[in-house]
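Peer 1: Contents of final24.txt (compact mmCIF, C-alpha atoms and all ligand atoms) are given next:
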```
# COMPACT_ATOMS: atom_id res chain seq x y z
CA MET U 1041 -38.29 -31.97 -45.52
CA GLY U 1042 -35.43 -34.50 -45.08
CA ARG U 1043 -32.96 -31.68 -45.66
CA THR U 1044 -34.48 -29.59 -42.85
CA LEU U 1045 -34.32 -32.59 -40.51
CA ARG U 1046 -30.65 -33.18 -41.28
CA LYS U 1047 -29.99 -29.50 -40.66
CA THR U 1048 -31.83 -29.64 -37.32
CA ALA U 1049 -29.91 -32.77 -36.31
CA ARG U 1050 -26.62 -31.06 -37.19
CA GLN U 1051 -27.61 -28.01 -35.14
CA LEU U 1052 -28.48 -30.27 -32.20
CA VAL U 1053 -25.09 -32.00 -32.36
CA LEU U 1054 -23.34 -28.62 -32.48
CA LEU U 1055 -25.38 -27.36 -29.54
CA LEU U 1056 -24.56 -30.45 -27.51
CA PHE U 1057 -20.86 -30.05 -28.32
CA ALA U 1058 -20.94 -26.39 -27.30
CA MET U 1059 -22.63 -27.33 -24.01
CA ILE U 1060 -19.97 -29.93 -23.21
CA LEU U 1061 -17.27 -27.33 -23.94
CA MET U 1062 -18.95 -24.73 -21.72
CA ILE U 1063 -19.27 -27.14 -18.82
CA GLY U 1064 -15.60 -28.06 -19.26
CA PHE U 1065 -14.43 -24.43 -19.25
CA GLY U 1066 -16.66 -23.61 -16.32
CA ARG U 1067 -14.92 -26.32 -14.32
CA MET U 1068 -11.50 -25.07 -15.38
CA ASP U 1069 -12.47 -21.60 -14.24
CA ILE U 1070 -13.50 -22.94 -10.82
CA LEU U 1071 -10.23 -24.87 -10.57
CA ALA U 1072 -8.23 -21.75 -11.45
CA LYS U 1073 -10.11 -19.78 -8.80
CA GLU U 1074 -9.44 -22.46 -6.21
CA THR U 1075 -5.71 -22.42 -6.93
CA ALA U 1076 -5.62 -18.64 -6.73
CA ALA U 1077 -7.52 -18.65 -3.47
CA LYS U 1078 -5.19 -21.24 -1.98
CA THR U 1079 -2.02 -19.30 -2.75
CA THR U 1080 -3.16 -15.83 -1.84
CA SER U 1081 -6.02 -16.02 0.62
CA LEU U 1082 -5.05 -14.81 4.05
CA SER U 1083 -8.19 -15.70 5.92
CA LYS U 1084 -8.06 -19.06 7.57
CA ASP U 1085 -11.82 -19.33 7.47
CA SER U 1086 -12.31 -18.36 3.84
CA THR U 1087 -13.37 -21.16 1.61
CA ALA U 1088 -12.06 -21.71 -1.91
CA ASP U 1089 -14.87 -20.03 -3.78
CA ALA U 1090 -15.99 -17.50 -1.17
CA SER U 1091 -15.34 -13.92 -2.13
CA SER U 1092 -13.05 -11.98 0.19
CA PHE U 1093 -11.75 -8.47 0.57
CA GLU U 1094 -8.98 -7.19 2.84
CA VAL U 1095 -6.85 -4.09 3.14
CA HIS U 1096 -3.60 -4.31 5.09
CA PHE U 1097 -2.33 -0.91 6.17
CA ILE U 1098 1.27 -1.95 6.78
CA ASP U 1099 3.10 -0.07 9.53
CA VAL U 1100 5.95 1.60 7.65
CA GLY U 1101 6.47 4.44 10.09
CA GLN U 1102 6.21 7.95 8.65
CA ALA U 1103 5.14 6.66 5.22
CA ASP U 1104 2.33 4.83 3.42
CA ALA U 1105 1.85 1.22 2.30
CA ALA U 1106 -1.47 -0.56 1.81
CA LEU U 1107 -2.07 -3.97 0.37
CA VAL U 1108 -5.51 -4.64 -1.10
CA LEU U 1109 -6.57 -8.26 -1.59
CA CYS U 1110 -9.75 -9.30 -3.32
CA ASP U 1111 -10.69 -12.78 -4.55
CA GLY U 1112 -7.05 -13.74 -5.10
CA LYS U 1113 -6.20 -10.46 -6.86
CA THR U 1114 -3.68 -8.11 -5.31
CA MET U 1115 -2.88 -4.42 -5.40
CA LEU U 1116 -0.12 -2.67 -3.48
CA ILE U 1117 -0.68 1.06 -2.96
CA ASP U 1118 2.68 2.62 -2.02
CA GLY U 1119 5.59 0.83 -0.36
CA GLY U 1120 6.95 3.01 2.43
CA ASN U 1121 10.47 4.50 2.51
CA ALA U 1122 13.51 2.93 0.82
CA GLU U 1123 14.49 1.49 4.20
CA ASP U 1124 11.15 -0.35 4.26
CA SER U 1125 12.07 -2.34 1.13
CA SER U 1126 13.06 -5.33 3.23
CA LEU U 1127 9.91 -5.00 5.36
CA ILE U 1128 7.67 -4.98 2.26
CA TYR U 1129 9.65 -7.85 0.76
CA SER U 1130 9.18 -9.89 3.96
CA TYR U 1131 5.50 -8.96 4.28
CA LEU U 1132 4.72 -10.24 0.78
CA LYS U 1133 6.89 -13.30 1.35
CA SER U 1134 5.27 -14.20 4.66
CA HIS U 1135 1.85 -14.07 2.96
CA SER U 1136 3.12 -15.93 -0.14
CA LEU U 1137 2.03 -13.07 -2.38
CA LYS U 1138 4.31 -13.67 -5.34
CA HIS U 1139 2.20 -11.70 -7.74
CA LEU U 1140 0.77 -8.21 -7.67
CA ASP U 1141 -1.89 -7.42 -10.24
CA TYR U 1142 -1.38 -3.71 -9.63
CA ILE U 1143 1.41 -1.76 -8.04
CA VAL U 1144 0.41 1.84 -7.40
CA CYS U 1145 2.80 4.64 -6.55
CA THR U 1146 0.41 7.44 -5.53
CA HIS U 1147 3.18 10.01 -6.05
CA ALA U 1148 6.94 10.04 -6.34
CA HIS U 1149 7.91 11.07 -2.78
CA GLU U 1150 10.26 8.62 -1.14
CA ASP U 1151 7.90 7.73 1.71
CA HIS U 1152 5.53 6.24 -0.90
CA ALA U 1153 7.83 5.08 -3.72
CA GLY U 1154 10.89 4.05 -1.70
CA GLY U 1155 9.93 0.52 -0.68
CA LEU U 1156 8.30 -0.50 -3.96
CA ALA U 1157 11.65 -1.83 -5.20
CA GLY U 1158 11.47 -4.34 -2.34
CA ALA U 1159 8.00 -5.45 -3.46
CA LEU U 1160 9.19 -5.93 -7.05
CA ASN U 1161 12.20 -7.79 -5.79
CA TYR U 1162 9.90 -10.48 -4.41
CA ALA U 1163 6.74 -10.33 -6.51
CA SER U 1164 6.00 -10.09 -10.20
CA ALA U 1165 3.56 -7.39 -11.25
CA ASP U 1166 1.19 -6.80 -14.13
CA HIS U 1167 0.52 -3.07 -14.03
CA ALA U 1168 2.27 -0.10 -12.46
CA LEU U 1169 0.33 3.13 -11.95
CA CYS U 1170 1.95 6.44 -11.10
CA PRO U 1171 1.17 10.08 -11.93
CA VAL U 1172 4.71 10.57 -13.29
CA THR U 1173 7.17 8.36 -15.16
CA ASN U 1174 10.23 10.29 -14.00
CA PHE U 1175 11.36 11.82 -10.73
CA ASP U 1176 14.79 12.91 -9.72
CA SER U 1177 15.43 10.74 -6.67
CA LYS U 1178 17.37 7.57 -6.01
CA ALA U 1179 14.25 5.92 -4.57
CA PHE U 1180 12.14 6.60 -7.65
CA LYS U 1181 14.92 5.54 -10.01
CA ASN U 1182 15.17 2.23 -8.11
CA PHE U 1183 11.44 1.73 -8.52
CA VAL U 1184 11.75 2.29 -12.29
CA THR U 1185 14.81 0.01 -12.46
CA TYR U 1186 12.95 -2.82 -10.75
CA LEU U 1187 9.93 -2.31 -13.02
CA GLY U 1188 12.32 -2.44 -15.98
CA LYS U 1189 13.63 -5.83 -14.84
CA GLN U 1190 10.08 -7.13 -15.34
CA ASN U 1191 9.55 -5.15 -18.56
CA ILE U 1192 6.83 -3.06 -16.93
CA TYR U 1193 6.21 0.51 -18.04
CA ILE U 1194 4.47 3.02 -15.78
CA THR U 1195 0.90 3.79 -16.78
CA VAL U 1196 -0.25 7.31 -15.93
CA PRO U 1197 -3.94 6.73 -15.20
CA SER U 1198 -6.63 9.19 -16.25
CA THR U 1199 -9.35 10.46 -13.98
CA GLY U 1200 -12.42 8.33 -14.49
CA ASP U 1201 -10.48 5.15 -15.38
CA LYS U 1202 -12.14 2.06 -13.93
CA PHE U 1203 -10.83 -1.44 -13.52
CA SER U 1204 -11.65 -4.51 -11.49
CA LEU U 1205 -9.73 -6.26 -8.75
CA GLY U 1206 -11.51 -9.56 -8.33
CA SER U 1207 -15.12 -8.64 -7.67
CA ALA U 1208 -14.14 -5.19 -6.38
CA SER U 1209 -14.17 -2.21 -8.69
CA VAL U 1210 -11.49 0.44 -8.61
CA GLN U 1211 -12.02 3.96 -9.89
CA VAL U 1212 -9.39 6.64 -10.43
CA LEU U 1213 -10.72 9.94 -9.00
CA GLY U 1214 -7.51 11.94 -9.17
CA PRO U 1215 -5.19 13.60 -9.85
CA ILE U 1216 -7.34 15.97 -11.87
CA THR U 1217 -4.19 17.87 -12.86
CA ILE U 1218 -0.57 16.85 -12.45
CA GLU U 1219 1.67 19.58 -11.03
CA GLU U 1220 5.31 18.63 -11.41
CA ASP U 1221 6.39 20.85 -8.53
CA ASP U 1222 3.61 19.65 -6.23
CA PRO U 1223 3.76 15.85 -6.02
CA ASN U 1224 1.39 15.69 -3.01
CA ASN U 1225 -1.42 17.42 -4.88
CA SER U 1226 -0.75 15.18 -7.89
CA SER U 1227 -1.41 12.01 -5.87
CA ILE U 1228 -3.40 9.22 -7.44
CA ILE U 1229 -6.73 9.00 -5.61
CA LEU U 1230 -8.50 5.65 -5.80
CA ARG U 1231 -11.95 4.65 -4.65
CA ILE U 1232 -12.49 0.92 -4.33
CA VAL U 1233 -16.00 -0.47 -4.05
CA TYR U 1234 -16.65 -3.95 -2.70
CA GLY U 1235 -20.32 -4.77 -2.31
CA ASP U 1236 -21.86 -2.09 -0.11
CA THR U 1237 -18.49 -1.08 1.33
CA SER U 1238 -16.03 1.39 -0.14
CA PHE U 1239 -12.49 2.59 0.47
CA LEU U 1240 -10.83 5.86 -0.43
CA PHE U 1241 -7.05 6.12 -0.82
CA SER U 1242 -5.89 9.68 -1.26
CA GLY U 1243 -2.09 9.44 -1.06
CA ASP U 1244 -0.74 12.77 0.17
CA ALA U 1245 -3.46 14.88 -1.46
CA GLU U 1246 -3.85 18.22 0.31
CA ARG U 1247 -6.67 20.74 0.22
CA GLU U 1248 -6.04 21.84 -3.40
CA GLU U 1249 -6.45 18.32 -4.79
CA GLU U 1250 -9.30 17.54 -2.40
CA GLN U 1251 -11.10 20.61 -3.76
CA ALA U 1252 -10.38 19.63 -7.39
CA VAL U 1253 -11.83 16.18 -6.79
CA LEU U 1254 -14.87 17.71 -5.06
CA ASP U 1255 -15.34 20.04 -8.05
CA SER U 1256 -15.23 17.08 -10.44
CA GLY U 1257 -18.49 15.89 -8.90
CA CYS U 1258 -17.52 12.21 -8.63
CA ALA U 1259 -19.00 9.96 -5.93
CA LEU U 1260 -16.72 10.12 -2.88
CA LYS U 1261 -18.75 8.54 -0.09
CA SER U 1262 -16.63 5.78 1.44
CA THR U 1263 -16.82 3.49 4.44
CA VAL U 1264 -13.08 3.76 5.09
CA LEU U 1265 -10.79 6.71 4.38
CA LYS U 1266 -7.00 6.36 4.23
CA VAL U 1267 -6.37 9.83 5.61
CA GLY U 1268 -4.37 12.05 3.25
CA HIS U 1269 -0.78 13.09 3.96
CA HIS U 1270 -0.33 11.18 7.22
CA GLY U 1271 -2.91 13.30 8.99
CA GLY U 1272 -1.28 16.64 8.13
CA ASN U 1273 -3.39 19.74 8.75
CA THR U 1274 -3.54 20.70 5.06
CA SER U 1275 -5.49 17.53 4.21
CA THR U 1276 -8.84 16.09 5.30
CA THR U 1277 -10.66 19.42 5.04
CA TYR U 1278 -14.24 19.78 6.27
CA PRO U 1279 -15.74 20.00 2.73
CA PHE U 1280 -13.88 16.81 1.75
CA LEU U 1281 -14.95 14.98 4.92
CA ARG U 1282 -18.55 16.04 4.37
CA GLU U 1283 -18.58 14.33 0.97
CA VAL U 1284 -16.58 11.23 1.91
CA MET U 1285 -18.54 10.74 5.15
CA PRO U 1286 -16.29 7.90 6.33
CA GLU U 1287 -17.24 5.66 9.23
CA TYR U 1288 -13.59 4.71 9.72
CA ALA U 1289 -10.28 6.37 8.95
CA VAL U 1290 -6.75 5.01 8.96
CA ILE U 1291 -3.75 7.29 9.51
CA SER U 1292 -0.43 5.89 8.32
CA VAL U 1293 2.06 7.80 10.42
CA GLY U 1294 5.38 7.38 12.30
CA LYS U 1295 5.77 7.54 16.05
CA ASN U 1296 7.28 10.87 17.23
CA ASN U 1297 7.70 12.10 13.67
CA SER U 1298 9.23 15.52 13.16
CA TYR U 1299 6.19 16.92 11.31
CA GLY U 1300 3.83 16.63 14.25
CA HIS U 1301 1.60 14.33 12.17
CA PRO U 1302 -1.20 13.66 12.68
CA ALA U 1303 -2.14 17.28 13.30
CA GLU U 1304 -4.36 17.97 16.28
CA ASP U 1305 -6.73 19.89 13.99
CA THR U 1306 -7.11 16.94 11.63
CA LEU U 1307 -7.94 14.66 14.56
CA SER U 1308 -10.44 17.19 15.80
CA ARG U 1309 -12.14 17.34 12.37
CA LEU U 1310 -12.35 13.54 12.32
CA ARG U 1311 -13.79 13.62 15.83
CA ASP U 1312 -16.39 16.19 14.76
CA ALA U 1313 -17.36 13.96 11.84
CA ASP U 1314 -17.77 11.05 14.28
CA VAL U 1315 -15.16 8.91 12.52
CA LYS U 1316 -13.50 5.95 14.27
CA VAL U 1317 -9.75 6.36 13.73
CA PHE U 1318 -6.98 3.76 13.50
CA ARG U 1319 -3.29 4.77 13.59
CA THR U 1320 -0.25 2.77 12.55
CA ASP U 1321 2.00 4.66 14.99
CA LEU U 1322 -0.08 3.50 17.94
CA GLN U 1323 -1.42 0.20 16.62
CA GLY U 1324 1.12 -1.19 14.14
CA ASP U 1325 -0.32 -3.01 11.14
CA VAL U 1326 -4.02 -2.29 10.72
CA ILE U 1327 -6.03 -4.91 8.82
CA CYS U 1328 -9.52 -4.20 7.56
CA LYS U 1329 -11.80 -6.94 6.24
CA SER U 1330 -15.05 -6.50 4.39
CA ASP U 1331 -17.79 -9.05 3.81
CA GLY U 1332 -19.42 -6.70 1.31
CA LYS U 1333 -21.91 -5.47 3.92
CA SER U 1334 -19.72 -4.16 6.72
CA VAL U 1335 -16.08 -3.91 7.70
CA THR U 1336 -14.09 -5.20 10.68
CA PHE U 1337 -10.65 -4.13 11.86
CA THR U 1338 -7.83 -5.98 13.57
CA VAL U 1339 -4.67 -4.27 14.77
CA GLU U 1340 -1.22 -5.52 15.67
CA ARG U 1341 -1.20 -3.90 19.12
CA ASN U 1342 -3.07 -1.43 21.37
CA ALA U 1343 -6.56 -2.32 20.21
CA ASP U 1344 -8.03 0.17 22.71
CA ALA U 1345 -5.60 3.02 22.07
CA ASP U 1346 -7.21 6.45 22.14
CA THR U 1347 -6.50 7.07 18.49
CA LEU U 1348 -8.16 10.46 18.51
CA ALA U 1349 -5.90 11.71 21.31
CA ALA U 1350 -4.10 14.97 20.56
CA ALA U 1351 -1.00 14.60 18.43
CA GLY U 1352 0.87 16.76 20.90
CA LYS U 1353 1.36 13.85 23.32
CA GLY U 1354 5.01 12.90 23.03
CA ASN U 1355 5.32 14.83 19.81
CA SER U 1356 5.43 18.34 21.18
CA GLU U 1357 9.21 18.71 21.48
CA SER U 1358 9.83 17.74 17.89
CA LYS U 1359 6.89 19.64 16.46
CA GLN U 1360 8.68 22.92 15.85
CA THR U 1361 11.19 21.18 13.57
CA ALA U 1362 8.45 20.36 11.06
CA ALA U 1363 9.96 20.54 7.61
CA THR U 1364 8.56 20.71 4.12
CA ASP U 1365 10.21 17.57 2.82
CA GLU U 1366 8.79 14.09 3.26
CA LYS U 1367 11.81 12.54 4.89
CA GLU U 1368 11.92 12.24 8.64
CA PRO U 1369 15.12 11.95 10.66
CA GLU U 1370 15.88 8.25 10.90
CA ASP U 1371 16.78 8.31 14.57
CA THR U 1372 13.16 8.87 15.50
CA ARG U 1373 12.15 5.58 13.93
CA VAL U 1374 11.29 2.66 16.16
CA THR U 1375 11.88 -0.81 14.81
CA LYS U 1376 10.25 -4.01 15.92
CA ALA U 1377 13.66 -5.74 16.18
CA GLU U 1378 14.92 -3.47 18.94
CA THR U 1379 16.20 -6.17 21.29
CA THR U 1380 16.64 -9.04 18.85
CA PRO U 1381 20.13 -10.49 18.41
CA THR U 1382 21.32 -10.85 14.80
CA PRO U 1383 19.02 -13.51 13.35
CA ALA U 1384 20.61 -16.57 11.75
CA GLY U 1385 20.92 -16.24 7.99
CA THR U 1386 21.39 -12.46 8.05
CA ASP U 1387 23.64 -11.47 5.15
CA TYR U 1388 23.92 -7.76 5.87
CA ILE U 1389 23.09 -5.32 8.60
CA LEU U 1390 21.73 -2.04 7.33
CA ASN U 1391 22.04 1.22 9.22
CA LYS U 1392 18.78 3.01 8.58
CA ASN U 1393 20.25 6.24 9.94
CA THR U 1394 23.42 6.47 7.85
CA HIS U 1395 22.22 4.34 4.91
CA LYS U 1396 25.42 2.27 5.08
CA PHE U 1397 25.39 -1.53 5.08
CA HIS U 1398 27.77 -3.89 6.83
CA TYR U 1399 28.68 -7.53 7.26
CA PRO U 1400 27.20 -8.77 10.58
CA SER U 1401 30.79 -9.20 11.83
CA CYS U 1402 31.80 -5.57 11.17
CA SER U 1403 33.08 -3.74 14.25
CA SER U 1404 30.83 -0.75 13.41
CA VAL U 1405 27.78 -2.93 14.00
CA LYS U 1406 28.59 -3.17 17.73
CA GLN U 1407 28.39 0.61 18.05
CA MET U 1408 25.17 0.84 16.07
CA LYS U 1409 22.00 1.64 17.99
CA ASP U 1410 19.52 -1.24 17.83
CA LYS U 1411 16.78 1.03 16.56
CA ASN U 1412 18.88 1.96 13.51
CA LYS U 1413 19.59 -1.66 12.57
CA SER U 1414 17.80 -3.61 9.90
CA TYR U 1415 18.71 -7.25 9.28
CA TYR U 1416 18.77 -8.21 5.64
CA THR U 1417 18.86 -11.58 3.98
CA GLY U 1418 19.57 -11.27 0.29
CA THR U 1419 22.14 -10.11 -2.21
CA ARG U 1420 24.49 -7.12 -2.17
CA ASP U 1421 22.83 -5.75 -5.34
CA GLU U 1422 19.45 -5.73 -3.63
CA VAL U 1423 20.83 -3.74 -0.70
CA ILE U 1424 22.41 -1.22 -3.08
CA ALA U 1425 19.14 -1.01 -5.02
CA MET U 1426 17.45 -0.08 -1.74
CA GLY U 1427 19.68 2.98 -1.59
CA TYR U 1428 22.41 1.76 0.80
CA ASP U 1429 26.18 2.26 0.40
CA PRO U 1430 28.80 -0.31 1.47
CA CYS U 1431 30.69 0.38 4.70
CA LYS U 1432 34.29 1.46 4.03
CA ARG U 1433 35.55 -0.59 7.00
CA CYS U 1434 34.20 -4.07 6.21
CA ASN U 1435 33.72 -3.57 2.42
CA PRO U 1436 30.67 -5.80 2.02
ZN ZN Y 1 3.81 10.96 2.35
ZN ZN Y 2 4.29 13.24 -0.36
```
As a first step, turn the structure in this file into structure tokens.

Peer 2:
Amino acid sequence: MGRTLRKTARQLVLLLFAMILMIGFGRMDILAKETAAKTTSLSKDSTADASSFEVHFIDVGQADAALVLCDGKTMLIDGGNAEDSSLIYSYLKSHSLKHLDYIVCTHAHEDHAGGLAGALNYASADHALCPVTNFDSKAFKNFVTYLGKQNIYITVPSTGDKFSLGSASVQVLGPITIEEDDPNNSSIILRIVYGDTSFLFSGDAEREEEQAVLDSGCALKSTVLKVGHHGGNTSTTYPFLREVMPEYAVISVGKNNSYGHPAEDTLSRLRDADVKVFRTDLQGDVICKSDGKSVTFTVERNADADTLAAAGKGNSESKQTAATDEKEPEDTRVTKAETTPTPAGTDYILNKNTHKFHYPSCSSVKQMKDKNKSYYTGTRDEVIAMGYDPCKRCNP
């Protein structure tokens, strides 16, 4: 009898101790969440322990870059062209995002992989996802080099893989097969679910990969679709749209690009499906927020732009030069710094057209068109890592 009592008393003491420990850890967890929310939350109105979800479709011209933020966790899906490295670097810096939980390179083309070096130059990362570990381009090699500096190896995800990003869940829907000679149709396709809202990122997947994903029978229905391949006509097919049934679509595309993206036919299919479209070429950065029930959008400019207007407007002259490669001629790019004098603290001026870099005092800079200029603050090695060569005149 006495023995049983002693045993019960011992069990009670242990239970009490365990409870104290649990309360303690619970508090630590809350504190950790608060710190995370303070450093990474972008919403002024979000409170420390309120859940939040945002996607920033960053305007990187004829390229893709989307930043997904959920409950203090961060994922960058693509980083624009190599020349966007400094833009991505500054974007992360201005939002104090020093850590990326996931960095995703949907496929190895430069307009997706190119700027990721800039992201890794500012932020540390935990995981890198890409359908390939090798690709013969300077941009991709830079990406791998910068991953290497942080001892990160590329993970090739498998279809069906699932992981969480804060309280959002991320599922890998593609690629079903990886074709080395067809990077677009080997794009990583991710579906992110946050509460009742969902987001589909399809990289540059074209009809072949769309069909493969449809055949796999996975759930595709999504509130927001990041339109595949910059709105090209070989993506966003009717069968795919019918399954995704998006309410909203975002097209990441460059103004007056030489491919004629987004294609008039794609816009017409989106119109038929009654989808509200946002476009980075017309509206700059597009930010989508979800409260778990519905989504809201804010854009950098032209909130009322007719985003379903025919692509032909202003694009028609350059349309016939549509090429098969991803790269667009640099002189069609429009930068936001068009009339800005050299900002104080600029270390180098980059020519986005020739891919040469100069000291701000170099005589070549005076002849450079404003739209080709990019002002860079940082080291020479960083500029070289972004794919630029030193000017032979000023030898920076
Ligand atoms: Zn692309
Ligand atoms: Zn591509």

Peer 1: Which is closer to U:Ala1122 than all the others in U:Thr1419, U:Thr1195, U:Asn1297, U:Ser1414, using only C-alpha atoms?

Peer 2: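 Of all the options, U:Ser1414 lies closest to U:Ala1122.
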
Peer 1: Using all atoms listed in the file, find each protein or nucleic acid residue lying at most 10 Å from ligand ZN 1 (chain Y); present the set as a count of residues only.

Peer 2: 31

Peer 1: Using all atoms listed in the file, can you tell me which of U:Arg1247, U:Lys1266, U:Arg1231, U:Arg1311 comes closest to U:Val1290?

Peer 2: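 Once distances to U:Val1290 are computed over all atoms listed in the file, the minimum belongs to U:Lys1266.
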
Peer 1: To one decimal in Å, tell me the separation between atom CA of U:Thr1306 and atom CA of U:Asn1273.

Peer 2: 5.5 Å

Peer 1: U:Lys1133: which residues within 12 Å, counting all atoms listed in the file, same-chain residues fewer than 3 positions away excluded, as a count of residues only?

Peer 2: 17

Peer 1: Report the distance between atom CA of U:Gln1251 and atom CA of U:Gly1214 in Å, rounded to one decimal place.

Peer 2: 10.8 Å

Peer 1: Using all atoms listed in the file, which of the listed residues (U:Ile1228, U:Cys1431, U:Leu1260, U:Val1100) sits closest to U:Thr1320?

Peer 2: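 Residue with the minimum atom-to-atom distance to U:Thr1320: U:Val1100.
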
Peer 1: So that I can see what lies close to U:Thr1386, please list as a count of residues only the residues with an atom at most 7 Å from it, counting only C-alpha atoms and leaving out residues fewer than 2 positions away in the same chain.

Peer 2: 7

Peer 1: Pick out the closest residue to ligand ZN 2 (chain Y) from this set: U:Leu1230, U:Val1405, U:Val1315, U:Cys1145. Count all atoms listed in the file.

Peer 2: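 Residue with the minimum atom-to-atom distance to ligand ZN 2 (chain Y): U:Cys1145.
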